[in-house]
Each structure stands twice: as structure tokens, then as C-alpha cells.
Amino acid sequence: MCLQVSFDDLLIPQSQISRCSSLFVACRSDILTHTTQEVCARGQSPRTPVLMTALQLGKMCKYKKKKKKLKMDVEDGSAASRKIHSADGSAVQIPETAHQISHDSWFQVGFVLTTGINSAYVLGYSGTVMVPLGWIGGVVGLILATAISLYANSLVAKLHEHGGKRHIRYRDLAGFIYGRKAYKLTWGLQYVNLFMINVGFIILAGQALKAVYVLFRDDHDMKLPYFIALAGFGCALFAVSIPHLSALRIWLAFSTLFSLIYIVIGFALALKDGIEAPSRDYDIPGSRTSRIFTTIGASANLVFAFNTGMLPEIQATVRQPVVKNMMKALYFQFTAGVLPMYAITFMGYWAYGKNTSTYLLNSVSGPVWVKTLANISAFLQTVIALHIFASPMYEYVDTRYGITGRALSLRNLSFRVLVRGGYLAMTTFVAALLPFLGDFMSLTGAISTFPLTFILANHMYLVAKKNKLTSLQKNWHWFNVIFFSCMSVAAAVAAFRLIVVDSKNYSVFADL
């Protein structure tokens, strides 16, 4: 056991006392703490005298003053930042965060990831993944997507402390490895990705509310865009109430409960319908040409299902050791976390075949109160899940404008109402304008999930670890970069075609 070092144990040459007297008094407690740690680290007796020069004393005090100043800057609302130099020598300005980091256990982070993977989007995978791919393609595709997504996410997680610095944002990591241009490009890709995911969440929430309404009044007086607007308002209220990602805490337990409710109900009702129904048609629908495009689009849906596009931001909340704890969270996500998604996806397709809806609860039959409970749970879980995927945008604006301190202070609360409310108003408008959920999933997977999760992850790892990789490993990463680049282009073409086709069949603000 290491005993406390007393102040008298510090030996400072008499000739240097006058040079550091002011520092000596100002930093007395810091010196003792530092000396205690240093003595213990060397394995010496805690009573061993330690020689400390005025130069060492001055360096320690300057470091403490600099750290204290940085803390004061953030508390005062100024946008404190640090400058890092990338591998190409260019300087990238990295803002410090106004949100909480290094606070959560790996288990809590695992639940954040599992919340994303078992969001209400799982109610659409029977129709958007299984129907275009069929049994063989769908089952094999989901298993392969699980494996390659775990692999790609683990590459990003292992780079979190690359270069001796902690990279708490995806763009920070890309900027450190590539430079300023990659910092900006990654930022743009990530926010497009998260914006489109949030558009999908609001469409889902609106569909859930409409499904409840139809159970009691199927008069078509209330259209889907109206319910999407109500869903957006509910998401805005929650966003204003929760200041940052770590503050979700108990809400993650509620999210898990809501997920279990609609997954168990959907699974049970689909199983009942499947047992009672006649034989189903599992043929892949459409002409030969349309099947090609829908198959490519479904591959984008596969990678969309497992990936967040914001892994460094989630990893920033985990306690040290960050890489080890994040790997635990990823293993939890891709083992226990994927089982509910598999169950509801396969059961929905088995029960209804190619007629499965893109929102499974529209296909099931059963007691009204049970279906109502499932749809309300899906709506509430979507509100929580959207907050997770919107948190990088919230973190950026909060940090940019120095929104720290008490969450309920008038300044902070009014800022969240204005900024987060405005962001969700725009997201809600796009969701109501083009409420084609499957198309948005395909497009998001094509133009952002493929590049962020697979192309960029493999290439960043290749650049960062190039001196430690064998030629075989380098070739493997290059193969992944080229293959997923081709998949991204093909999936983007297929997704845009689907949107054009659906736009011809349906008007804007369609009541689907």
C-alpha cells in the first residue's frame, strides 16, 4: 500500500527556492499528488526524499494552469479547441466537447448499440430485406452482414486512441489520419447518414401512430403526414429534455422494454397467423430487371441494419480502457443484441411471404389492445432511438456555442428548444414529404453506411497500421475498400431508381 508523501519529503535545492517560491505555494497540493504517484510508480518507499528542481516545478504548474484554463473556457461558454497535426502534416482544429465523456460502463454502451439495432426499424426488415432476397439470400445475407459489420466496427474501435490521442468523433479520427479535407468530407458523410436515419425514424413513428388510429377509426380523415408531424413534435420534446447521450441512462432500460414488447407481440401474432394461414408465396416479386435493382437495394438495407455511422461518438462515452470496453460492447451487440432482430425478421417473412408489409405490425392480426400496445411501444422506442442518432449534431452545436452547466438553466433550455426543435422540424418535413421508408433505408446504406463503416474503416486501418501489417493483410483491406466502393455505387443507383419509381406511383406527402 502506498502511503501519502508529506511536503517535507520534497527536497528542492536552496539556490532554487527563490526562483520558484510563488509556484511552490500555488501548486503545493498538485506537487504532493504528482510526487506520490511518481514515487509509487517507481516502486520506491513513499518516505524516499524526491529531488524536484524549479524547472520541473514550473512545468507542473504550467500544465495545471493550462488544464484549469481549458476547463474555465468551456464553463464560460467559449469554444475551446485543440490543434492536431495529421499524417500529411496539415493542422486540423479539433473542438473540445461540451458533452460528458468517459463516464459509461461497457454494458450501458452495449445497450446503446443494441437500442439502435433493435429499434422499430426491425419491423421493416421482413419486407425490405427478406422479400427482395428470399429465404436463401436473406438468411445468408443477414449472417454475413452481422460478421462483416462486427469486423468493420472493431477496426474503428481499435483506432480510437491512435497516435496517443483519443478521437471522440468520427471526423476527428479521419482528420488525424488523412488531414483537413478528409475531416470535412467525413463530417458531411456522417451528418447526411444520421439525418437520413432520423428521417426514417420519424416515418416509423408516424406509421406507428397511424396504425393505432386505424385500429379505432379507419375513416382516412387523418393522413400519414399528420401523424409524422405529431411524431416529430414528440421527438422534439424528448430531445429538449435529455441534454446529452450519457443522460439517457434509465431511458435505455425503457427502450429495451419497449423493444421487447413490440418484438414479442409481433413475433407471437405472426406465428399465429402463419400457423392458421394457407401456404405462402416466397417467390421474389418483380420483373428480371427490377429484381436486380431490388436485390442490390436490399444489400444496402442489410448493412444499414447493423451500423450506426457514429461509433467513435458512442465510444467516447465509455470508461477506460476504452478499446477493451468498446470491444465488449460490440460483442454484446453482435451476439445477444442481434437475436431479437433475427427472430422478428424471419418470423414475419415466414408468416406472410412476399406480401409482408414494410411495417410488420400492419400485417399481423390479433386483439386490438395487443396491437395498440405494440404500436405505442414502437413509437416510444423510436423517440428514444432517434435521440441517439441525433446526438452528434446536438454535441456539435452545444460545443460550438458553449452550452454547458445545468441542463434546465434558462439559457441552455431555450437553446435546445430553438436548435434541436429546428433540426427536428426540418427532419419531420422531409419525412412527411417523402415517406418511402424502404427507399430511405437503401439510399442511406448506399451513400453513407457503405463509405463510413466499410470503405473508410478499412482504409483508415490500412493507413494507420501500414507498418505493422503483412502484405496479405494489406491486400485484404484493399480488397474490402474496392469491393465496398463498387457496392456503394451500385446500391446508390438502385436506391435512386426506387425513389423515382415510387415518386411516380405516389405524390408528395403521400398517405401510405
# chains A, B, ... in the order shown; residues from 1 in each chain; ligands from 1
call {"tool": "residues_around", "arguments": {"residues": "region 341-353 of chain A", "least_positions_apart": "4", "cutoff": "10 Å", "atoms": "only C-alpha atoms", "output": "ChimeraX atom specification"}}
result
/A:114,117-131,134-135,138-139,142-143,259,262-284,305,336-337,357,360-361,363-364
call {"tool": "select_by_dssp", "arguments": {"residues": "region 313-376 of chain A", "states": "alpha helix (DSSP H)", "output": "NGL selection string"}}
result
:A and (313-315 or 322-333 or 339-352 or 368-376)
call {"tool": "residues_around", "arguments": {"residues": "Val199 (chain A)", "least_positions_apart": "6", "cutoff": "8 Å", "atoms": "only C-alpha atoms", "output": "CSV table (one decimal) with N, CA, C and O atoms, in the first residue's frame"}}
result
chain,number,residue,atom,x,y,z
A,427,THR,N,-36.3,17.8,-40.2
A,427,THR,CA,-36.3,16.3,-40.4
A,427,THR,C,-37.8,15.8,-40.6
A,427,THR,O,-38.0,15.0,-41.5
A,428,THR,N,-38.7,16.4,-39.8
A,428,THR,CA,-40.1,16.0,-39.9
A,428,THR,C,-40.7,16.4,-41.3
A,428,THR,O,-41.4,15.6,-41.9
A,430,VAL,N,-39.1,16.7,-44.2
A,430,VAL,CA,-38.6,15.7,-45.2
A,430,VAL,C,-39.3,14.4,-45.1
A,430,VAL,O,-39.7,13.8,-46.1
A,431,ALA,N,-39.5,13.9,-43.8
A,431,ALA,CA,-40.2,12.6,-43.6
A,431,ALA,C,-41.6,12.6,-44.2
A,431,ALA,O,-42.1,11.7,-44.8
call {"tool": "closest_residue", "arguments": {"among": "A:Ala374, A:Pro243, A:Asn325, A:Phe379", "to": "Ser409 (chain A)", "atoms": "only C-alpha atoms"}}
result
A:Pro243
call {"tool": "residues_around", "arguments": {"residues": "His244 (chain A)", "least_positions_apart": "2", "cutoff": "7 Å", "atoms": "only C-alpha atoms", "output": "PyMOL selection string"}}
result
chain A and resi 99+242+246-247+391
call {"tool": "atom_distance", "arguments": {"atom1": "CA of Asn505 (chain A)", "atom2": "CA of Ala425 (chain A)"}}
result
26.2 Å
call {"tool": "residues_around", "arguments": {"residues": "Val481 (chain A)", "least_positions_apart": "5", "cutoff": "8 Å", "atoms": "only C-alpha atoms", "output": "PyMOL selection string"}}
result
chain A and resi 454-456+458-459
call {"tool": "closest_residue", "arguments": {"among": "A:Ser488, A:Gln315, A:Thr453, A:Gln473", "to": "Ala157 (chain A)", "atoms": "only C-alpha atoms"}}
result
A:Gln315
call {"tool": "atom_distance", "arguments": {"atom1": "CA of Gln190 (chain A)", "atom2": "CA of Gln207 (chain A)"}}
result
25.8 Å
call {"tool": "residues_around", "arguments": {"residues": "His387 (chain A)", "least_positions_apart": "4", "cutoff": "9 Å", "atoms": "only C-alpha atoms", "output": "ChimeraX atom specification"}}
result
/A:198,235,238-239,242,244-245,382-383,391
call {"tool": "residues_around", "arguments": {"residues": "Ala147 (chain A)", "least_positions_apart": "6", "cutoff": "12 Å", "atoms": "only C-alpha atoms", "output": "PyMOL selection string"}}
result
chain A and resi 140-141+153-154+302-303+306-307+330-331+333-335+338
call {"tool": "closest_residue", "arguments": {"among": "A:Gly286, A:Pro340, A:Gly422, A:Gly309", "to": "Ala457 (chain A)", "atoms": "only C-alpha atoms"}}
result
A:Gly309
